[in-house]
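J.: My structure file model_27.cif, mmCIF, C-alpha atoms, pLDDT in the B column; chains and numbers go by the auth columns, is below:
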data_coords
#
loop_
_atom_site.group_PDB
_atom_site.id
_atom_site.type_symbol
_atom_site.label_atom_id
_atom_site.label_comp_id
_atom_site.label_asym_id
_atom_site.label_seq_id
_atom_site.Cartn_x
_atom_site.Cartn_y
_atom_site.Cartn_z
_atom_site.B_iso_or_equiv
_atom_site.auth_seq_id
_atom_site.auth_asym_id
ATOM 1 C CA MET A 1 208.664 62.551 265.677 86.00 24 K
ATOM 2 C CA ASP A 2 205.150 63.845 266.139 92.00 25 K
ATOM 3 C CA ALA A 3 201.654 62.359 266.177 93.00 26 K
ATOM 4 C CA ILE A 4 201.429 62.479 262.361 95.00 27 K
ATOM 5 C CA ASP A 5 204.685 60.520 262.028 94.00 28 K
ATOM 6 C CA GLU A 6 203.363 57.986 264.522 94.00 29 K
ATOM 7 C CA ARG A 7 200.169 57.512 262.463 95.00 30 K
ATOM 8 C CA ILE A 8 202.309 57.025 259.348 95.00 31 K
ATOM 9 C CA LEU A 9 204.422 54.419 261.142 93.00 32 K
ATOM 10 C CA LEU A 10 201.339 52.556 262.371 91.00 33 K
ATOM 11 C CA CYS A 11 199.935 52.526 258.847 93.00 34 K
ATOM 12 C CA VAL A 12 203.084 51.089 257.244 93.00 35 K
ATOM 13 C CA MET A 13 203.542 48.633 260.118 89.00 36 K
ATOM 14 C CA ARG A 14 200.094 47.238 259.370 87.00 37 K
ATOM 15 C CA ASN A 15 200.762 47.168 255.634 90.00 38 K
ATOM 16 C CA ALA A 16 204.141 48.195 254.205 90.00 39 K
ATOM 17 C CA ARG A 17 202.534 48.178 250.750 93.00 40 K
ATOM 18 C CA SER A 18 200.066 50.943 251.651 94.00 41 K
ATOM 19 C CA THR A 19 199.727 53.574 248.948 96.00 42 K
ATOM 20 C CA TYR A 20 200.645 57.172 249.654 96.00 43 K
ATOM 21 C CA ALA A 21 196.928 57.964 249.489 97.00 44 K
ATOM 22 C CA GLU A 22 196.203 55.329 252.182 96.00 45 K
ATOM 23 C CA ILE A 23 199.085 56.583 254.343 96.00 46 K
ATOM 24 C CA GLY A 24 197.878 60.147 253.891 96.00 47 K
ATOM 25 C CA GLU A 25 194.338 59.199 254.838 96.00 48 K
ATOM 26 C CA ALA A 26 195.568 57.471 257.998 95.00 49 K
ATOM 27 C CA ALA A 27 197.700 60.484 258.938 96.00 50 K
ATOM 28 C CA GLY A 28 195.332 63.246 257.825 96.00 51 K
ATOM 29 C CA LEU A 29 197.585 64.347 254.946 96.00 52 K
ATOM 30 C CA SER A 30 197.497 64.517 251.184 96.00 53 K
ATOM 31 C CA ALA A 31 199.257 61.715 249.304 96.00 54 K
ATOM 32 C CA SER A 32 202.158 64.024 248.355 96.00 55 K
ATOM 33 C CA ALA A 33 202.590 65.246 251.945 96.00 56 K
ATOM 34 C CA ALA A 34 202.482 61.631 253.150 97.00 57 K
ATOM 35 C CA LYS A 35 205.214 60.719 250.643 96.00 58 K
ATOM 36 C CA ARG A 36 207.440 63.574 251.863 97.00 59 K
ATOM 37 C CA ARG A 37 206.931 62.537 255.490 96.00 60 K
ATOM 38 C CA LEU A 38 207.559 58.878 254.719 96.00 61 K
ATOM 39 C CA ASP A 39 210.713 59.761 252.746 96.00 62 K
ATOM 40 C CA ARG A 40 211.935 61.821 255.718 96.00 63 K
ATOM 41 C CA LEU A 41 211.292 58.932 258.125 95.00 64 K
ATOM 42 C CA VAL A 42 213.356 56.681 255.849 95.00 65 K
ATOM 43 C CA ALA A 43 216.134 59.278 255.429 96.00 66 K
ATOM 44 C CA THR A 44 216.470 59.825 259.190 95.00 67 K
ATOM 45 C CA GLY A 45 216.576 56.075 259.875 93.00 68 K
ATOM 46 C CA ALA A 46 213.293 55.945 261.807 93.00 69 K
ATOM 47 C CA ILE A 47 212.218 53.440 259.140 93.00 70 K
ATOM 48 C CA ARG A 48 215.120 51.124 258.363 91.00 71 K
ATOM 49 C CA GLY A 49 213.441 49.267 255.526 89.00 72 K
ATOM 50 C CA PHE A 50 210.387 47.495 254.229 87.00 73 K
ATOM 51 C CA THR A 51 210.087 43.742 254.218 81.00 74 K
ATOM 52 C CA ALA A 52 207.737 40.875 253.548 78.00 75 K
ATOM 53 C CA LEU A 53 206.680 38.885 256.600 75.00 76 K
ATOM 54 C CA LEU A 54 206.539 35.240 255.677 75.00 77 K
ATOM 55 C CA ASP A 55 204.393 32.700 257.428 78.00 78 K
ATOM 56 C CA PRO A 56 206.777 29.904 258.470 77.00 79 K
ATOM 57 C CA GLN A 57 203.804 27.530 258.633 77.00 80 K
ATOM 58 C CA ALA A 58 202.967 28.165 254.982 81.00 81 K
ATOM 59 C CA LEU A 59 206.595 27.493 254.071 81.00 82 K
ATOM 60 C CA GLY A 60 206.529 24.191 255.922 84.00 83 K
ATOM 61 C CA TRP A 61 208.739 25.372 258.814 86.00 84 K
ATOM 62 C CA ARG A 62 206.393 24.364 261.631 90.00 85 K
ATOM 63 C CA THR A 63 208.821 23.708 264.468 95.00 86 K
ATOM 64 C CA GLU A 64 210.003 26.622 266.556 95.00 87 K
ATOM 65 C CA ALA A 65 212.399 26.783 269.494 97.00 88 K
ATOM 66 C CA PHE A 66 214.158 29.216 271.757 98.00 89 K
ATOM 67 C CA VAL A 67 217.702 28.202 272.579 98.00 90 K
ATOM 68 C CA GLU A 68 219.734 29.554 275.479 98.00 91 K
ATOM 69 C CA VAL A 69 223.371 29.783 274.442 97.00 92 K
ATOM 70 C CA TYR A 70 226.229 29.558 276.924 97.00 93 K
ATOM 71 C CA CYS A 71 229.504 30.800 275.463 96.00 94 K
ATOM 72 C CA LYS A 72 233.131 29.982 276.073 93.00 95 K
ATOM 73 C CA SER A 73 235.104 32.713 277.834 91.00 96 K
ATOM 74 C CA ASP A 74 236.706 34.036 274.624 88.00 97 K
ATOM 75 C CA ALA A 75 233.374 34.776 272.900 92.00 98 K
ATOM 76 C CA THR A 76 232.383 38.314 272.012 94.00 99 K
ATOM 77 C CA PRO A 77 228.965 39.357 270.726 96.00 100 K
ATOM 78 C CA GLU A 78 230.468 40.006 267.278 96.00 101 K
ATOM 79 C CA LEU A 79 232.080 36.542 267.084 95.00 102 K
ATOM 80 C CA LEU A 80 228.851 34.927 268.233 96.00 103 K
ATOM 81 C CA ARG A 81 226.808 36.913 265.666 96.00 104 K
ATOM 82 C CA ARG A 82 229.115 35.800 262.850 96.00 105 K
ATOM 83 C CA GLU A 83 228.818 32.150 263.843 96.00 106 K
ATOM 84 C CA LEU A 84 225.040 32.229 264.259 97.00 107 K
ATOM 85 C CA GLU A 85 224.282 34.059 261.020 95.00 108 K
ATOM 86 C CA GLU A 86 225.783 31.093 259.151 95.00 109 K
ATOM 87 C CA ILE A 87 222.907 28.927 260.400 97.00 110 K
ATOM 88 C CA PRO A 88 219.759 29.707 258.355 93.00 111 K
ATOM 89 C CA GLU A 89 217.423 28.225 260.960 95.00 112 K
ATOM 90 C CA VAL A 90 218.483 31.009 263.353 96.00 113 K
ATOM 91 C CA VAL A 91 215.951 33.755 262.712 93.00 114 K
ATOM 92 C CA GLU A 92 216.823 35.970 265.653 95.00 115 K
ATOM 93 C CA ALA A 93 219.576 36.157 268.265 97.00 116 K
ATOM 94 C CA CYS A 94 220.195 38.486 271.199 97.00 117 K
ATOM 95 C CA THR A 95 222.701 38.747 273.992 97.00 118 K
ATOM 96 C CA VAL A 96 220.854 38.591 277.313 97.00 119 K
ATOM 97 C CA SER A 97 221.350 39.108 281.020 96.00 120 K
ATOM 98 C CA GLY A 98 221.169 36.144 283.361 94.00 121 K
ATOM 99 C CA ALA A 99 222.894 32.792 283.269 95.00 122 K
ATOM 100 C CA ALA A 100 222.816 32.379 279.489 97.00 123 K
ATOM 101 C CA ASP A 101 224.921 34.624 277.264 97.00 124 K
ATOM 102 C CA ALA A 102 222.465 34.726 274.376 97.00 125 K
ATOM 103 C CA MET A 103 218.974 33.681 273.339 98.00 126 K
ATOM 104 C CA VAL A 104 218.428 32.287 269.858 98.00 127 K
ATOM 105 C CA HIS A 105 215.080 31.901 268.103 97.00 128 K
ATOM 106 C CA MET A 106 215.086 29.040 265.600 97.00 129 K
ATOM 107 C CA LEU A 107 212.656 27.723 262.996 96.00 130 K
ATOM 108 C CA ALA A 108 212.752 24.312 261.310 96.00 131 K
ATOM 109 C CA ARG A 109 210.559 21.954 259.295 95.00 132 K
ATOM 110 C CA ASP A 110 210.298 19.343 262.022 95.00 133 K
ATOM 111 C CA ILE A 111 212.057 17.977 265.109 96.00 134 K
ATOM 112 C CA PRO A 112 214.842 16.130 263.211 97.00 135 K
ATOM 113 C CA HIS A 113 215.573 19.308 261.216 96.00 136 K
ATOM 114 C CA LEU A 114 215.606 21.363 264.447 97.00 137 K
ATOM 115 C CA GLU A 115 217.874 18.824 266.112 97.00 138 K
ATOM 116 C CA ARG A 116 220.413 19.093 263.276 97.00 139 K
ATOM 117 C CA ALA A 117 220.281 22.893 263.409 97.00 140 K
ATOM 118 C CA VAL A 118 220.746 22.985 267.195 97.00 141 K
ATOM 119 C CA GLN A 119 223.695 20.628 266.780 97.00 142 K
ATOM 120 C CA ARG A 120 225.267 23.116 264.340 97.00 143 K
ATOM 121 C CA VAL A 121 224.805 25.833 266.982 97.00 144 K
ATOM 122 C CA ARG A 122 226.510 23.608 269.578 96.00 145 K
ATOM 123 C CA GLU A 123 229.421 22.976 267.203 96.00 146 K
ATOM 124 C CA ALA A 124 230.153 26.685 266.801 95.00 147 K
ATOM 125 C CA ARG A 125 233.664 27.454 268.028 94.00 148 K
ATOM 126 C CA HIS A 126 232.661 29.971 270.717 94.00 149 K
ATOM 127 C CA ILE A 127 229.682 28.081 272.138 96.00 150 K
ATOM 128 C CA ASP A 128 230.069 25.868 275.174 95.00 151 K
ATOM 129 C CA ARG A 129 226.535 24.485 275.531 96.00 152 K
ATOM 130 C CA THR A 130 222.855 25.155 274.865 97.00 153 K
ATOM 131 C CA GLU A 131 219.483 24.610 276.504 97.00 154 K
ATOM 132 C CA SER A 132 216.418 24.484 274.263 97.00 155 K
ATOM 133 C CA VAL A 133 212.672 24.878 274.668 97.00 156 K
ATOM 134 C CA ILE A 134 210.262 24.046 271.866 97.00 157 K
ATOM 135 C CA VAL A 135 207.300 26.331 271.223 95.00 158 K
ATOM 136 C CA LEU A 136 203.975 24.512 271.528 95.00 159 K
ATOM 137 C CA SER A 137 201.732 27.397 270.444 91.00 160 K
ATOM 138 C CA ARG A 138 202.037 31.136 269.860 87.00 161 K
ATOM 139 C CA LEU A 139 199.794 33.227 272.065 91.00 162 K
ATOM 140 C CA ILE A 140 200.755 36.700 270.815 89.00 163 K
ATOM 141 C CA ASN A 141 202.724 37.626 267.690 80.00 164 K
ATOM 142 C CA ARG A 142 202.769 41.399 267.174 76.00 165 K
ATOM 143 C CA PRO A 143 204.664 43.342 264.518 70.00 166 K
ATOM 144 C CA ARG A 144 207.969 44.704 265.788 69.00 167 K
ATOM 145 C CA MET A 145 208.639 48.374 266.320 68.00 168 K
#
Let's see the structure in the file written out as structure tokens.
T.:
Amino acid sequence: MDAIDERILLCVMRNARSTYAEIGEAAGLSASAAKRRLDRLVATGAIRGFTALLDPQALGWRTEAFVEVYCKSDATPELLRRELEEIPEVVEACTVSGAADAMVHMLARDIPHLERAVQRVREARHIDRTESVIVLSRLINRPRM
């Protein structure tokens, strides 16, 4: 990975629908050279895919929470992942250090919807309990690397 690759990555992070000409301009390359570089970044796994970022607000999912998950002793990260991916309101989940075993990011239409979704998390076989905090406002929301 060199400085040209980094400029290509920044360009597609800002707009995954950038044309090869736009990517080339950002990286100081021709469109065909930009395409070859981009294809190589995809082939090596540096770029895992391209996706549309949806605005949850526009979709009517205006309630957001972070949920600390405390697991039962027989839980493994793989078992927990399988249980959580069955809950569509779970948009992100990570195992973490500290008292909790995992942190779950959830989106819902409103508080009653969130409450039902958190209850489904609590009912998962390998989860002992949860502690939730509701997001009041987002201060920073950067694209992920």
J.: With distances taken over all atoms listed in the file, which of K:Ile27, K:Ala116, K:Ile163, K:Ala131 is nearest to Arg85 of chain K?
T.: K:Ala131
J.: Take atom CA of Leu33 of chain K and atom CA of Ala50 of chain K and report the distance between them in Å, one decimal.
T.: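 Calculated distance between atom CA of Leu33 of chain K and atom CA of Ala50 of chain K is 9.4 Å.
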J.: Can you turn the PyMOL selection byres ((chain K and resi 95) around 10) into a concrete residue list for this file, as a list in words?
T.: Val92, Tyr93, Cys94, Ser96, Asp97, Ala98, Thr99, Asp124, Arg148, His149, Ile150, Asp151 and Arg152 of chain K
J.: Got a sec: who's within 10 Å of segment 160-162 of chain K, counting only C-alpha atoms, leaving out chain neighbours fewer than 3 positions off, as a PyMOL selection string?
T.: chain K and resi 86-87+157+165
J.: For His128 of chain K, work out the shell of residues within 6 Å, counting all atoms listed in the file and skipping chain neighbours fewer than 6 positions away, then give it as a PyMOL selection string.
T.: chain K and resi 88-89+113-115
J.: Go ahead and dump the residues you just picked, C-alpha atoms, as a PDB file, keeping the file's coordinate frame.
T.:
ATOM      1  CA  ALA K  88     212.399  26.783 269.494  1.00 97.00           C
ATOM      2  CA  PHE K  89     214.158  29.216 271.757  1.00 98.00           C
ATOM      3  CA  VAL K 113     218.483  31.009 263.353  1.00 96.00           C
ATOM      4  CA  VAL K 114     215.951  33.755 262.712  1.00 93.00           C
ATOM      5  CA  GLU K 115     216.823  35.970 265.653  1.00 95.00           C
TER       6      GLU K 115
END
J.: Select, from K:Arg30, K:Arg71, K:Arg132, K:Arg40, the residue with the minimum atom-to-atom distance to Leu52 of chain K, counting only C-alpha atoms.
T.: K:Arg30
J.: Return the single residue from K:Asp28, K:Ala44, K:Ala39, K:Asp78 that is closest to Leu130 of chain K, with distances computed using all atoms listed in the file.
T.: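 Among K:Asp28, K:Ala44, K:Ala39, K:Asp78, it is K:Asp78 that comes nearest to Leu130 of chain K.
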J.: I need the output of the PyMOL selection byres ((chain K and resi 36) around 12) for this file as a ChimeraX atom specification; which residues are they?
T.: /K:29-35,37-41,46,70-76,165-168
J.: Quick one, how far is atom CA of Leu103 of chain K from atom CA of Leu77 of chain K?
T.: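 Rounded to one decimal, the two atoms are 25.6 Å apart.
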J.: Hey, what comes out of the PyMOL selection byres ((chain K and resi 106) around 10) on this file? Could you write it as a PyMOL selection string?
T.: chain K and resi 100-105+107-110+143-144+146-150
J.: Any chance you could model all heavy atoms for segment 97-108 of chain K and send them as an mmCIF file, keeping the file's coordinate frame?
T.:
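Written file, rebuild13.cif:
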data_model
loop_
_atom_site.group_PDB
_atom_site.id
_atom_site.type_symbol
_atom_site.label_atom_id
_atom_site.label_comp_id
_atom_site.auth_asym_id
_atom_site.auth_seq_id
_atom_site.Cartn_x
_atom_site.Cartn_y
_atom_site.Cartn_z
ATOM 1 N N ASP K 97 236.105 33.154 275.637
ATOM 2 C CA ASP K 97 236.706 34.036 274.624
ATOM 3 C C ASP K 97 235.692 34.603 273.639
ATOM 4 O O ASP K 97 236.046 35.327 272.717
ATOM 5 C CB ASP K 97 237.808 33.301 273.861
ATOM 6 C CG ASP K 97 237.286 32.102 273.073
ATOM 7 O OD1 ASP K 97 236.174 31.615 273.371
ATOM 8 O OD2 ASP K 97 237.996 31.660 272.163
ATOM 9 N N ALA K 98 234.406 34.328 273.837
ATOM 10 C CA ALA K 98 233.374 34.776 272.900
ATOM 11 C C ALA K 98 233.063 36.253 273.102
ATOM 12 O O ALA K 98 233.001 36.740 274.224
ATOM 13 C CB ALA K 98 232.112 33.954 273.081
ATOM 14 N N THR K 99 232.878 36.938 271.991
ATOM 15 C CA THR K 99 232.383 38.314 272.012
ATOM 16 C C THR K 99 231.052 38.313 271.266
ATOM 17 O O THR K 99 230.789 37.405 270.471
ATOM 18 C CB THR K 99 233.354 39.274 271.311
ATOM 19 O OG1 THR K 99 233.432 38.928 269.923
ATOM 20 C CG2 THR K 99 234.745 39.231 271.947
ATOM 21 N N PRO K 100 230.226 39.309 271.479
ATOM 22 C CA PRO K 100 228.965 39.357 270.726
ATOM 23 C C PRO K 100 229.186 39.322 269.212
ATOM 24 O O PRO K 100 228.441 38.652 268.498
ATOM 25 C CB PRO K 100 228.330 40.678 271.176
ATOM 26 C CG PRO K 100 228.846 40.867 272.564
ATOM 27 C CD PRO K 100 230.265 40.359 272.511
ATOM 28 N N GLU K 101 230.210 39.984 268.724
ATOM 29 C CA GLU K 101 230.468 40.006 267.278
ATOM 30 C C GLU K 101 230.861 38.611 266.761
ATOM 31 O O GLU K 101 230.381 38.178 265.714
ATOM 32 C CB GLU K 101 231.554 41.022 266.936
ATOM 33 C CG GLU K 101 231.911 41.091 265.476
ATOM 34 C CD GLU K 101 230.741 41.433 264.555
ATOM 35 O OE1 GLU K 101 229.758 42.063 265.000
ATOM 36 O OE2 GLU K 101 230.792 41.050 263.376
ATOM 37 N N LEU K 102 231.707 37.908 267.495
ATOM 38 C CA LEU K 102 232.080 36.542 267.084
ATOM 39 C C LEU K 102 230.863 35.626 267.097
ATOM 40 O O LEU K 102 230.657 34.835 266.176
ATOM 41 C CB LEU K 102 233.168 35.978 268.003
ATOM 42 C CG LEU K 102 234.551 36.605 267.890
ATOM 43 C CD1 LEU K 102 235.454 36.118 269.018
ATOM 44 C CD2 LEU K 102 235.159 36.301 266.537
ATOM 45 N N LEU K 103 230.050 35.747 268.132
ATOM 46 C CA LEU K 103 228.851 34.927 268.233
ATOM 47 C C LEU K 103 227.891 35.238 267.083
ATOM 48 O O LEU K 103 227.349 34.335 266.456
ATOM 49 C CB LEU K 103 228.173 35.172 269.588
ATOM 50 C CG LEU K 103 226.967 34.314 269.908
ATOM 51 C CD1 LEU K 103 227.311 32.835 269.894
ATOM 52 C CD2 LEU K 103 226.393 34.722 271.266
ATOM 53 N N ARG K 104 227.687 36.526 266.778
ATOM 54 C CA ARG K 104 226.808 36.913 265.666
ATOM 55 C C ARG K 104 227.288 36.297 264.364
ATOM 56 O O ARG K 104 226.498 35.735 263.601
ATOM 57 C CB ARG K 104 226.741 38.438 265.522
ATOM 58 C CG ARG K 104 225.778 38.886 264.423
ATOM 59 C CD ARG K 104 225.921 40.353 264.081
ATOM 60 N NE ARG K 104 227.250 40.708 263.626
ATOM 61 C CZ ARG K 104 227.723 40.441 262.396
ATOM 62 N NH1 ARG K 104 226.981 39.827 261.522
ATOM 63 N NH2 ARG K 104 228.943 40.788 262.061
ATOM 64 N N ARG K 105 228.576 36.364 264.101
ATOM 65 C CA ARG K 105 229.115 35.800 262.850
ATOM 66 C C ARG K 105 228.871 34.301 262.759
ATOM 67 O O ARG K 105 228.540 33.781 261.694
ATOM 68 C CB ARG K 105 230.610 36.097 262.728
ATOM 69 C CG ARG K 105 230.873 37.468 262.184
ATOM 70 C CD ARG K 105 232.326 37.634 261.815
ATOM 71 N NE ARG K 105 232.863 38.673 262.680
ATOM 72 C CZ ARG K 105 234.091 38.731 263.127
ATOM 73 N NH1 ARG K 105 234.973 37.815 262.822
ATOM 74 N NH2 ARG K 105 234.480 39.717 263.889
ATOM 75 N N GLU K 106 229.041 33.594 263.857
ATOM 76 C CA GLU K 106 228.818 32.150 263.843
ATOM 77 C C GLU K 106 227.341 31.817 263.642
ATOM 78 O O GLU K 106 226.999 30.924 262.865
ATOM 79 C CB GLU K 106 229.331 31.515 265.135
ATOM 80 C CG GLU K 106 230.840 31.515 265.221
ATOM 81 C CD GLU K 106 231.378 30.932 266.511
ATOM 82 O OE1 GLU K 106 230.638 30.889 267.521
ATOM 83 O OE2 GLU K 106 232.538 30.518 266.508
ATOM 84 N N LEU K 107 226.468 32.534 264.326
ATOM 85 C CA LEU K 107 225.040 32.229 264.259
ATOM 86 C C LEU K 107 224.412 32.616 262.925
ATOM 87 O O LEU K 107 223.494 31.955 262.462
ATOM 88 C CB LEU K 107 224.298 32.913 265.411
ATOM 89 C CG LEU K 107 224.620 32.377 266.803
ATOM 90 C CD1 LEU K 107 223.964 33.246 267.863
ATOM 91 C CD2 LEU K 107 224.207 30.921 266.946
ATOM 92 N N GLU K 108 224.907 33.668 262.288
ATOM 93 C CA GLU K 108 224.282 34.059 261.020
ATOM 94 C C GLU K 108 224.597 33.081 259.890
ATOM 95 O O GLU K 108 223.951 33.120 258.854
ATOM 96 C CB GLU K 108 224.595 35.513 260.652
ATOM 97 C CG GLU K 108 225.979 35.823 260.267
ATOM 98 C CD GLU K 108 226.173 37.337 260.022
ATOM 99 O OE1 GLU K 108 225.232 38.131 260.169
ATOM 100 O OE2 GLU K 108 227.296 37.688 259.677
#
